file start-v1.txt (compact mmCIF, C-alpha atoms and all ligand atoms)
# COMPACT_ATOMS: atom_id res chain seq x y z
CA MET A 202 -16.23 87.68 -11.82
CA TYR A 203 -19.20 89.74 -10.76
CA LYS A 204 -21.44 88.70 -7.90
CA CYS A 205 -25.09 89.68 -7.80
CA ASN A 206 -26.59 91.58 -4.90
CA SER A 207 -28.30 88.88 -2.88
CA ARG A 208 -30.26 91.31 -0.70
CA ARG A 209 -31.57 93.22 -3.71
CA LEU A 210 -32.62 89.92 -5.34
CA GLN A 211 -34.43 88.91 -2.15
CA GLU A 212 -36.24 92.25 -2.13
CA SER A 213 -37.43 91.84 -5.69
CA ILE A 214 -38.61 88.26 -5.03
CA GLU A 215 -40.60 89.58 -2.06
CA GLN A 216 -41.86 92.55 -4.05
CA PHE A 217 -43.06 90.45 -6.98
CA SER A 218 -44.72 87.93 -4.65
CA GLN A 219 -47.11 90.69 -3.53
CA PHE A 220 -48.89 90.42 -6.88
CA GLY A 221 -51.49 87.73 -6.24
CA ALA A 222 -50.19 86.97 -2.71
CA THR A 223 -52.18 84.29 -0.86
CA PRO A 224 -52.70 84.26 2.94
CA ASN A 225 -50.32 81.30 3.41
CA GLY A 226 -47.32 82.86 1.70
CA GLY A 227 -47.98 81.62 -1.82
CA VAL A 228 -49.07 83.27 -5.06
CA THR A 229 -52.09 82.92 -7.33
CA ARG A 230 -51.25 84.70 -10.55
CA LEU A 231 -53.09 83.00 -13.38
CA SER A 232 -52.08 84.02 -16.88
CA LEU A 233 -53.55 87.36 -18.03
CA SER A 234 -55.54 87.69 -14.80
CA ASN A 235 -55.63 91.08 -13.12
CA GLU A 236 -52.71 90.05 -10.85
CA ASP A 237 -50.69 88.93 -13.86
CA LEU A 238 -51.35 92.21 -15.69
CA LEU A 239 -50.23 94.21 -12.65
CA VAL A 240 -47.02 92.20 -12.25
CA ARG A 241 -46.33 92.64 -15.97
CA ASP A 242 -46.73 96.42 -15.64
CA TYR A 243 -44.35 96.41 -12.70
CA PHE A 244 -41.82 94.20 -14.52
CA CYS A 245 -41.85 96.57 -17.53
CA LYS A 246 -41.35 99.55 -15.23
CA CYS A 247 -38.30 97.87 -13.58
CA CYS A 248 -36.80 97.15 -17.00
CA GLU A 249 -37.44 100.65 -18.35
CA GLU A 250 -35.69 102.11 -15.31
CA LEU A 251 -32.61 100.15 -16.42
CA GLY A 252 -32.78 101.68 -19.90
CA MET A 253 -34.26 98.58 -21.51
CA ASP A 254 -36.68 98.72 -24.46
CA ILE A 255 -39.92 96.76 -24.17
CA LYS A 256 -41.51 94.82 -26.99
CA VAL A 257 -44.57 92.60 -26.87
CA ASP A 258 -45.60 89.98 -29.42
CA ASP A 259 -49.00 88.69 -30.54
CA MET A 260 -49.04 86.05 -27.73
CA ALA A 261 -48.39 88.77 -25.11
CA ASN A 262 -44.85 87.49 -24.53
CA ILE A 263 -42.83 90.42 -23.15
CA TYR A 264 -39.27 91.12 -24.29
CA ALA A 265 -37.11 93.67 -22.47
CA ILE A 266 -33.99 94.48 -24.45
CA LEU A 267 -30.75 96.02 -23.23
CA PRO A 268 -29.04 97.28 -26.39
CA GLY A 269 -25.42 96.24 -27.00
CA LYS A 270 -22.69 98.05 -28.88
CA LYS A 271 -23.17 95.68 -31.80
CA ASP A 272 -26.39 95.33 -33.72
CA VAL A 273 -26.64 91.53 -33.52
CA PRO A 274 -29.21 89.06 -32.13
CA PRO A 275 -29.36 89.03 -28.31
CA ILE A 276 -28.53 86.57 -25.55
CA VAL A 277 -31.86 85.82 -23.89
CA MET A 278 -32.65 85.06 -20.24
CA GLY A 279 -36.02 84.65 -18.56
CA SER A 280 -38.94 82.36 -17.81
CA HIS A 281 -42.57 83.09 -16.84
CA LEU A 282 -44.43 85.34 -14.39
CA ASP A 283 -47.70 83.37 -14.25
CA SER A 284 -48.38 80.79 -11.54
CA VAL A 285 -50.79 77.97 -10.79
CA GLU A 286 -53.63 78.49 -8.30
CA LYS A 287 -52.03 78.70 -4.84
CA GLY A 288 -48.55 78.29 -6.27
CA GLY A 289 -45.27 79.49 -4.82
CA LYS A 290 -43.25 82.66 -5.16
CA PHE A 291 -40.28 81.13 -7.02
CA ASP A 292 -41.58 78.99 -9.90
CA GLY A 293 -41.01 80.93 -13.12
CA VAL A 294 -40.66 84.38 -11.61
CA LEU A 295 -37.17 83.48 -10.31
CA GLY A 296 -35.91 83.07 -13.88
CA VAL A 297 -37.15 86.56 -14.69
CA LEU A 298 -35.86 88.16 -11.47
CA THR A 299 -32.38 86.60 -11.58
CA ALA A 300 -32.15 87.95 -15.14
CA LEU A 301 -33.23 91.37 -13.87
CA GLU A 302 -30.66 91.14 -11.07
CA ALA A 303 -27.96 90.22 -13.61
CA ILE A 304 -28.75 93.37 -15.63
CA ARG A 305 -28.85 95.51 -12.48
CA THR A 306 -25.41 94.19 -11.53
CA LEU A 307 -24.03 95.05 -14.97
CA LYS A 308 -25.51 98.56 -14.80
CA GLU A 309 -24.18 99.13 -11.31
CA ASN A 310 -20.68 98.17 -12.46
CA GLU A 311 -21.06 100.31 -15.58
CA ILE A 312 -20.37 97.37 -17.85
CA GLU A 313 -21.43 97.87 -21.45
CA LEU A 314 -21.63 94.76 -23.57
CA ASP A 315 -21.19 94.24 -27.29
CA ILE A 316 -24.09 91.81 -27.48
CA PRO A 317 -27.65 92.92 -26.61
CA LEU A 318 -29.27 91.15 -23.66
CA MET A 319 -32.93 90.30 -23.45
CA ILE A 320 -35.26 89.25 -20.64
CA VAL A 321 -38.35 87.34 -21.73
CA ASN A 322 -41.60 86.65 -19.88
CA PHE A 323 -43.52 83.87 -21.63
CA THR A 324 -47.32 84.02 -21.44
CA ASN A 325 -49.31 81.15 -19.90
CA GLU A 326 -46.44 78.78 -19.15
CA GLU A 327 -48.39 77.00 -16.45
CA GLY A 328 -51.46 76.25 -18.53
CA ALA A 329 -53.34 76.63 -15.24
CA ARG A 330 -55.91 79.02 -16.72
CA PHE A 331 -55.71 78.10 -20.41
CA ASP A 332 -54.69 74.66 -21.61
CA PRO A 333 -51.98 73.69 -22.72
CA ALA A 334 -48.92 74.48 -20.61
CA MET A 335 -46.03 76.34 -22.29
CA MET A 336 -48.58 77.70 -24.72
CA SER A 337 -46.81 80.81 -25.97
CA SER A 338 -43.24 79.52 -26.19
CA GLY A 339 -44.90 76.60 -28.01
CA VAL A 340 -46.57 78.93 -30.52
CA ILE A 341 -43.41 80.86 -31.35
CA ALA A 342 -41.50 77.57 -31.73
CA SER A 343 -44.28 76.24 -34.04
CA LYS A 344 -45.26 73.44 -31.64
CA PHE A 345 -48.86 74.71 -31.38
CA GLU A 346 -51.15 76.46 -33.84
CA LYS A 347 -52.01 79.95 -32.68
CA ASP A 348 -55.62 79.77 -33.95
CA LYS A 349 -56.29 76.70 -31.82
CA MET A 350 -54.68 78.34 -28.77
CA LEU A 351 -56.92 81.41 -29.15
CA GLN A 352 -59.95 79.14 -28.65
CA SER A 353 -58.67 77.72 -25.35
CA VAL A 354 -61.26 78.49 -22.66
CA ASP A 355 -60.81 79.11 -18.93
CA LYS A 356 -63.25 77.78 -16.32
CA ASN A 357 -65.39 80.93 -16.61
CA GLY A 358 -65.86 80.50 -20.36
CA ILE A 359 -63.40 83.27 -21.32
CA THR A 360 -61.29 82.41 -24.35
CA PHE A 361 -57.56 83.06 -24.49
CA LYS A 362 -58.33 85.35 -27.43
CA GLU A 363 -60.68 87.48 -25.30
CA ALA A 364 -58.24 87.62 -22.40
CA LEU A 365 -55.46 88.60 -24.81
CA GLN A 366 -57.50 91.39 -26.40
CA GLU A 367 -58.51 92.81 -23.05
CA SER A 368 -55.05 92.57 -21.52
CA GLY A 369 -53.46 95.51 -23.30
CA TYR A 370 -50.52 93.14 -23.96
CA GLU A 371 -51.49 91.95 -27.44
CA GLY A 372 -48.54 93.02 -29.59
CA GLU A 373 -47.22 92.36 -33.07
CA GLU A 374 -46.33 88.97 -34.53
CA ASP A 375 -43.22 90.64 -35.94
CA ASN A 376 -41.93 91.03 -32.39
CA ARG A 377 -41.81 87.29 -31.72
CA LEU A 378 -38.50 85.88 -30.53
CA THR A 379 -37.15 84.12 -33.60
CA GLU A 380 -33.45 84.82 -33.54
CA ALA A 381 -31.02 84.87 -30.62
CA LEU A 382 -27.51 83.65 -29.90
CA ALA A 383 -28.52 81.74 -26.78
CA TYR A 384 -31.40 81.26 -24.33
CA ILE A 385 -30.75 80.50 -20.66
CA GLU A 386 -33.63 79.81 -18.29
CA LEU A 387 -32.99 79.67 -14.57
CA HIS A 388 -35.68 77.79 -12.63
CA ILE A 389 -36.26 76.09 -9.31
CA GLU A 390 -35.62 72.37 -9.53
CA GLN A 391 -39.16 71.37 -8.46
CA GLY A 392 -37.67 68.10 -7.26
CA PRO A 393 -35.67 66.89 -4.23
CA VAL A 394 -32.35 65.89 -5.81
CA LEU A 395 -30.15 68.98 -5.33
CA GLU A 396 -31.24 69.43 -1.72
CA ALA A 397 -30.78 65.74 -0.92
CA LYS A 398 -27.29 65.68 -2.44
CA GLN A 399 -26.48 69.06 -0.83
CA LEU A 400 -25.58 70.59 -4.17
CA GLU A 401 -25.96 74.23 -5.11
CA ILE A 402 -26.58 74.36 -8.86
CA GLY A 403 -28.19 72.01 -11.36
CA VAL A 404 -26.73 72.10 -14.87
CA VAL A 405 -29.75 70.97 -16.85
CA GLU A 406 -28.83 68.93 -19.91
CA GLY A 407 -32.35 68.47 -21.18
CA VAL A 408 -35.96 67.57 -20.48
CA LEU A 409 -36.98 63.94 -20.06
CA GLY A 410 -38.87 62.18 -22.81
CA MET A 411 -42.18 60.74 -21.71
CA VAL A 412 -45.12 58.57 -22.72
CA CYS A 413 -48.59 58.43 -21.27
CA TYR A 414 -50.83 55.39 -21.81
CA GLU A 415 -54.44 54.85 -20.82
CA ILE A 416 -55.23 51.23 -20.08
CA THR A 417 -58.89 50.18 -20.14
CA ILE A 418 -60.00 46.87 -18.66
CA THR A 419 -63.54 45.81 -19.40
CA GLY A 420 -65.36 43.08 -17.44
CA GLU A 421 -68.94 42.58 -16.32
CA SER A 422 -70.96 44.26 -13.59
CA ASN A 423 -72.97 42.15 -11.20
CA HIS A 424 -74.22 42.02 -7.62
CA ALA A 425 -71.44 42.24 -5.00
CA GLY A 426 -73.25 39.79 -2.68
CA THR A 427 -74.71 37.13 -4.93
CA THR A 428 -71.98 36.52 -7.52
CA PRO A 429 -69.47 33.80 -6.44
CA MET A 430 -65.83 34.85 -6.84
CA SER A 431 -65.15 32.10 -9.39
CA MET A 432 -67.91 33.40 -11.66
CA ARG A 433 -66.81 37.04 -11.84
CA LYS A 434 -65.23 39.06 -14.64
CA ASP A 435 -63.88 41.72 -12.30
CA PRO A 436 -61.73 44.39 -14.03
CA MET A 437 -60.65 45.84 -10.67
CA ILE A 438 -58.85 42.65 -9.65
CA VAL A 439 -57.22 42.49 -13.08
CA ALA A 440 -56.22 46.18 -12.91
CA SER A 441 -54.66 45.93 -9.46
CA LYS A 442 -52.70 42.79 -10.43
CA MET A 443 -51.61 44.48 -13.63
CA MET A 444 -50.31 47.54 -11.78
CA MET A 445 -48.14 45.32 -9.61
CA VAL A 446 -46.84 43.42 -12.66
CA LEU A 447 -46.04 46.73 -14.42
CA HIS A 448 -44.36 48.04 -11.27
CA GLU A 449 -42.12 44.98 -11.29
CA LYS A 450 -41.36 44.92 -15.02
CA LEU A 451 -40.76 48.67 -15.41
CA GLY A 452 -38.69 48.72 -12.22
CA GLU A 453 -36.30 46.25 -13.85
CA ILE A 454 -35.69 48.35 -16.97
CA ASP A 455 -33.59 51.15 -15.45
CA GLU A 456 -33.18 52.45 -11.92
CA THR A 457 -33.67 56.08 -13.00
CA LEU A 458 -36.90 55.38 -14.91
CA VAL A 459 -39.94 57.01 -13.27
CA TYR A 460 -43.56 55.94 -13.76
CA THR A 461 -46.86 56.97 -12.22
CA PHE A 462 -50.36 55.50 -12.12
CA GLY A 463 -51.90 58.95 -11.80
CA ARG A 464 -55.56 58.53 -12.68
CA VAL A 465 -57.98 55.69 -12.08
CA ASN A 466 -61.61 55.70 -13.19
CA VAL A 467 -63.95 52.97 -12.00
CA SER A 468 -67.38 52.37 -13.46
CA PRO A 469 -69.98 52.42 -12.06
CA ASN A 470 -68.00 53.14 -8.84
CA ILE A 471 -70.63 51.84 -6.43
CA HIS A 472 -69.66 49.77 -3.40
CA THR A 473 -72.33 47.09 -3.94
CA VAL A 474 -71.56 46.54 -7.61
CA ILE A 475 -68.70 44.62 -9.27
CA PRO A 476 -67.23 47.20 -11.68
CA ASN A 477 -67.69 46.66 -15.41
CA GLN A 478 -64.76 48.86 -16.38
CA VAL A 479 -61.54 50.20 -14.85
CA MET A 480 -59.33 52.69 -16.66
CA PHE A 481 -55.94 53.79 -15.38
CA THR A 482 -53.17 55.96 -16.79
CA ILE A 483 -49.46 55.34 -16.65
CA ASP A 484 -47.03 58.21 -17.24
CA SER A 485 -43.38 57.23 -17.64
CA ARG A 486 -40.26 59.37 -18.17
CA HIS A 487 -36.58 58.85 -18.95
CA GLN A 488 -33.90 60.62 -20.97
CA ARG A 489 -32.74 57.67 -23.08
CA PRO A 490 -34.89 56.75 -26.12
CA GLU A 491 -33.95 53.05 -25.83
CA VAL A 492 -35.32 52.96 -22.27
CA MET A 493 -38.59 54.58 -23.39
CA GLN A 494 -38.74 52.04 -26.21
CA LYS A 495 -38.61 49.21 -23.64
CA VAL A 496 -41.39 50.88 -21.62
CA GLU A 497 -43.59 50.96 -24.69
CA GLU A 498 -42.80 47.33 -25.44
CA VAL A 499 -43.99 46.37 -21.94
CA LEU A 500 -47.17 48.45 -22.23
CA THR A 501 -48.12 47.27 -25.71
CA GLY A 502 -47.18 43.69 -24.82
CA LEU A 503 -49.90 43.34 -22.18
CA PRO A 504 -52.22 40.33 -22.70
CA ALA A 505 -55.43 41.15 -24.61
CA GLU A 506 -57.52 39.24 -22.10
CA GLU A 507 -57.29 38.05 -18.50
CA THR A 508 -59.90 36.37 -16.26
CA GLY A 509 -62.55 37.10 -18.85
CA CYS A 510 -61.74 40.83 -19.00
CA ARG A 511 -60.67 42.66 -22.15
CA ILE A 512 -57.48 44.77 -21.90
CA GLN A 513 -56.89 47.73 -24.22
CA PRO A 514 -53.81 49.99 -23.93
CA VAL A 515 -54.06 53.32 -25.82
CA LYS A 516 -51.18 55.77 -26.14
CA LEU A 517 -52.49 59.22 -25.11
CA TRP A 518 -49.35 61.15 -25.95
CA GLY A 519 -45.58 61.21 -25.78
CA ARG A 520 -42.61 63.47 -26.30
CA ASP A 521 -39.01 62.81 -27.16
CA THR A 522 -36.24 63.88 -24.80
CA VAL A 523 -35.11 67.44 -25.49
CA PHE A 524 -31.33 67.85 -25.28
CA PHE A 525 -30.01 71.30 -24.43
CA ASP A 526 -26.94 72.88 -26.01
CA ALA A 527 -23.85 71.06 -24.74
CA GLN A 528 -21.58 74.12 -25.05
CA ILE A 529 -23.89 76.33 -23.00
CA CYS A 530 -24.15 73.55 -20.38
CA ASN A 531 -20.34 73.48 -20.23
CA GLU A 532 -20.21 77.24 -19.71
CA VAL A 533 -22.79 77.00 -16.90
CA GLU A 534 -20.69 74.32 -15.23
CA LYS A 535 -17.49 76.36 -15.62
CA SER A 536 -19.22 79.37 -14.08
CA CYS A 537 -20.16 77.24 -11.07
CA GLN A 538 -16.54 76.11 -10.71
CA GLY A 539 -15.37 79.72 -10.93
CA PHE A 540 -17.49 80.65 -7.91
CA GLY A 541 -16.73 77.41 -6.08
CA TYR A 542 -20.40 76.36 -6.25
CA SER A 543 -21.08 72.65 -6.48
CA ALA A 544 -22.75 71.68 -9.76
CA HIS A 545 -24.76 68.64 -10.70
CA ARG A 546 -25.59 67.56 -14.24
CA MET A 547 -29.21 66.51 -14.47
CA PHE A 548 -32.35 66.28 -16.60
CA SER A 549 -35.61 68.03 -15.89
CA GLY A 550 -38.60 65.79 -15.27
CA ALA A 551 -40.95 68.75 -15.61
CA GLY A 552 -41.69 70.73 -18.75
CA HIS A 553 -40.30 74.25 -19.27
CA ASP A 554 -40.44 76.96 -21.96
CA ALA A 555 -36.78 76.17 -22.73
CA GLN A 556 -37.75 72.76 -24.12
CA TYR A 557 -39.63 74.45 -26.98
CA ILE A 558 -37.25 77.39 -27.39
CA ALA A 559 -34.40 74.84 -27.74
CA SER A 560 -35.76 73.98 -31.20
CA ILE A 561 -35.19 77.55 -32.47
CA ILE A 562 -32.34 78.90 -30.27
CA PRO A 563 -29.36 77.12 -28.61
CA SER A 564 -30.68 76.79 -25.03
CA ALA A 565 -29.88 75.52 -21.56
CA MET A 566 -31.28 75.75 -18.03
CA ILE A 567 -29.90 76.39 -14.55
CA PHE A 568 -31.64 74.80 -11.54
CA VAL A 569 -31.50 75.96 -7.93
CA PRO A 570 -32.61 73.65 -5.08
CA SER A 571 -36.23 73.32 -3.97
CA ILE A 572 -36.71 72.71 -0.24
CA GLN A 573 -38.18 69.19 0.09
CA GLY A 574 -38.62 69.26 -3.67
CA LYS A 575 -41.91 71.11 -3.29
CA SER A 576 -43.47 73.24 -6.03
CA HIS A 577 -46.86 74.25 -7.38
CA CYS A 578 -47.86 74.82 -3.75
CA GLU A 579 -47.65 77.63 -1.21
CA GLU A 580 -44.83 75.85 0.67
CA GLU A 581 -42.56 76.06 -2.37
CA GLU A 582 -39.25 77.46 -1.17
CA THR A 583 -35.66 78.10 -2.19
CA PRO A 584 -33.29 79.82 0.29
CA PHE A 585 -32.52 83.36 -0.92
CA GLU A 586 -28.77 82.69 -0.82
CA ASP A 587 -29.30 79.78 -3.23
CA CYS A 588 -31.30 82.06 -5.52
CA ALA A 589 -28.40 84.53 -5.46
CA LYS A 590 -25.89 81.81 -6.35
CA GLY A 591 -28.08 80.97 -9.32
CA ALA A 592 -28.06 84.63 -10.36
CA ASP A 593 -24.25 84.72 -10.08
CA VAL A 594 -23.95 81.69 -12.36
CA LEU A 595 -26.48 83.11 -14.81
CA LEU A 596 -24.62 86.43 -15.09
CA GLU A 597 -21.20 84.80 -15.37
CA THR A 598 -22.44 82.44 -18.09
CA VAL A 599 -23.95 85.35 -20.02
CA LEU A 600 -20.69 87.31 -19.73
CA THR A 601 -18.61 84.40 -21.00
CA LEU A 602 -20.99 83.76 -23.87
CA GLN A 603 -21.07 87.43 -24.82
CA THR A 604 -17.28 87.53 -25.03
CA LYS A 605 -17.29 84.47 -27.30
CA PHE A 606 -20.14 85.72 -29.47
CA SER A 607 -18.54 89.13 -29.69
CA MET A 608 -15.49 87.48 -31.24
CA GLY A 609 -17.69 85.88 -33.86
CA GLU A 610 -18.26 82.45 -32.34
CA THR A 611 -21.79 81.03 -32.70
CA TYR A 612 -23.54 77.93 -31.44
CA THR A 613 -25.65 75.90 -33.80
CA LEU A 614 -28.90 74.11 -33.04
CA ASN A 615 -28.72 70.46 -32.02
ZN ZN B 1 -42.16 77.18 -14.07

call {"tool": "encode", "arguments": {"input": "start-v1.txt", "output": "structure tokens"}}
result
Amino acid sequence: MYKCNSRRLQESIEQFSQFGATPNGGVTRLSLSNEDLLVRDYFCKCCEELGMDIKVDDMANIYAILPGKKDVPPIVMGSHLDSVEKGGKFDGVLGVLTALEAIRTLKENEIELDIPLMIVNFTNEEGARFDPAMMSSGVIASKFEKDKMLQSVDKNGITFKEALQESGYEGEEDNRLTEALAYIELHIEQGPVLEAKQLEIGVVEGVLGMVCYEITITGESNHAGTTPMSMRKDPMIVASKMMMVLHEKLGEIDETLVYTFGRVNVSPNIHTVIPNQVMFTIDSRHQRPEVMQKVEEVLTGLPAEETGCRIQPVKLWGRDTVFFDAQICNEVEKSCQGFGYSAHRMFSGAGHDAQYIASIIPSAMIFVPSIQGKSHCEEEETPFEDCAKGADVLLETVLTLQTKFSMGETYTLN
């Protein structure tokens, strides 16, 4: 078993965090911004120094390829180099840098593989500059239409199309990732579970299914001083009662179900006026379809009217649980055991490029712990030794897979 060089990995994490560094130790590297273009240039340079070939597709996704002895589809590693505004120096970039460290370790040990290896950097994963998130992995997996994505506009009125054309990273559609033997994305957990359980590696079995509903309650506005309580049609009172009822009912469905009342709009939102309308959203996530089914039954089973107010639930959107490749998950877990690292099987509550890529390539993810579960903020942190353990597991998994694939074994899509 080969171990990665933890100090070298730390140095590259620190090096890459200089691109778009914020005063408080975070990173602002919005997709296709100047900082993103500079980090891309630097990433390509690092890969070329290792003898890798660079290709870029029409969504500016970058592919660095280490040729193998056999001319077959590659094993792919990677994630994204863009960040949110004032994000951290681990989200996304760690998946790219652990892949880079894996290749450096192979080179250093003069190991030549039969199967080509590839590192991918997906464009605009965060969706922080151009909506939606996971835009470019979504386009190559046919989840989004490219023409629509090109029209996505940032807050300065620049379209994704314009940013793409000016970036120097607009490549050929023919270069898109369409065929590979496996895709493995290492990522920070972005949640508190691994740290709380004092575990080293998360073996990610999939991404949670979710639904988001918007519930609108319509009553009647009137004067806050002159209208007796018994004569009101107050949607705020109805909404707050309803949230508590939902909290109770959803809480009974399954102890691992999560749900969030994330947005509340009140109209007219004036302290002397009884509101005439309250709208709130509820986002709920779980891996089992039958649990999500029960959530929807609760939400659609709300009364149509209460205390003179009209209640209308509308489903904004939903996604089914994405299950990753069971065989790759097993190999990740075995790699952990080989190193004596504790592993924990889990689902991701957050979205990742791997959830779209899983529909075209057998995929899995590796999580490393997030201190206090923090991410998308400057305080985001993962101890460097934990990052290195992740890199070890990534490399070992790739080596095992390459031996299997080299002998003709293949994994099929779920
Ligand atoms: Zn990410």

call {"tool": "residues_around", "arguments": {"input": "start-v1.txt", "residues": "Pro317 in chain A", "least_positions_apart": "6", "cutoff": "9 Å", "atoms": "all atoms listed in the file", "output": "NGL selection string"}}
result
:A and (266-277 or 603)

call {"tool": "atom_distance", "arguments": {"input": "start-v1.txt", "atom1": "CA of Ala342 in chain A", "atom2": "CA of Lys495 in chain A"}}
result
29.6 Å

call {"tool": "residues_near_ligand", "arguments": {"input": "start-v1.txt", "ligand": "ligand ZN 1 (chain B)", "cutoff": "10 Å", "atoms": "all atoms listed in the file", "output": "PyMOL selection string"}}
result
chain A and resi 280-285+291-296+326-327+334-335+386-391+551-554+576-577

call {"tool": "atom_distance", "arguments": {"input": "start-v1.txt", "atom1": "CA of Val408 in chain A", "atom2": "CA of Val533 in chain A"}}
result
16.6 Å

call {"tool": "closest_residue", "arguments": {"input": "start-v1.txt", "among": "A:Gly358, A:Gly339, A:Gly372, A:Gly226", "to": "Ile255 in chain A", "atoms": "only C-alpha atoms"}}
result
A:Gly372

call {"tool": "closest_residue", "arguments": {"input": "start-v1.txt", "among": "A:Val404, A:Leu239, A:Ile385, A:Ala397", "to": "Gly221 in chain A", "atoms": "all atoms listed in the file"}}
result
A:Leu239

call {"tool": "atom_distance", "arguments": {"input": "start-v1.txt", "atom1": "CA of Asn235 in chain A", "atom2": "CA of Lys256 in chain A"}}
result
20.1 Å

call {"tool": "closest_residue", "arguments": {"input": "start-v1.txt", "among": "A:Cys413, A:Cys530, A:Ala329, A:Met443", "to": "Leu503 in chain A", "atoms": "only C-alpha atoms"}}
result
A:Met443

call {"tool": "closest_residue", "arguments": {"input": "start-v1.txt", "among": "A:Val340, A:Val446, A:Cys537, A:Val492", "to": "Thr598 in chain A", "atoms": "all atoms listed in the file"}}
result
A:Cys537

call {"tool": "closest_residue", "arguments": {"input": "start-v1.txt", "among": "A:Pro504, A:Arg546, A:Val412, A:Thr428", "to": "Val459 in chain A", "atoms": "all atoms listed in the file"}}
result
A:Val412

call {"tool": "closest_residue", "arguments": {"input": "start-v1.txt", "among": "A:Tyr612, A:Phe331, A:Phe481, A:Tyr460", "to": "Gly550 in chain A", "atoms": "all atoms listed in the file"}}
result
A:Tyr460

call {"tool": "residues_around", "arguments": {"input": "start-v1.txt", "residues": "Glu497 in chain A", "least_positions_apart": "6", "cutoff": "10 Å", "atoms": "all atoms listed in the file", "output": "PyMOL selection string"}}
result
chain A and resi 412-414+451+485+491+516

call {"tool": "write_last_selection", "arguments": {"input": "start-v1.txt", "atoms": "C-alpha atoms", "output": "PDB file, keeping the file's coordinate frame"}}
result
ATOM      1  CA  VAL A 412     -45.120  58.570 -22.720  1.00  0.00           C
ATOM      2  CA  CYS A 413     -48.590  58.430 -21.270  1.00  0.00           C
ATOM      3  CA  TYR A 414     -50.830  55.390 -21.810  1.00  0.00           C
ATOM      4  CA  LEU A 451     -40.760  48.670 -15.410  1.00  0.00           C
ATOM      5  CA  SER A 485     -43.380  57.230 -17.640  1.00  0.00           C
ATOM      6  CA  GLU A 491     -33.950  53.050 -25.830  1.00  0.00           C
ATOM      7  CA  LYS A 516     -51.180  55.770 -26.140  1.00  0.00           C
TER       8      LYS A 516
END
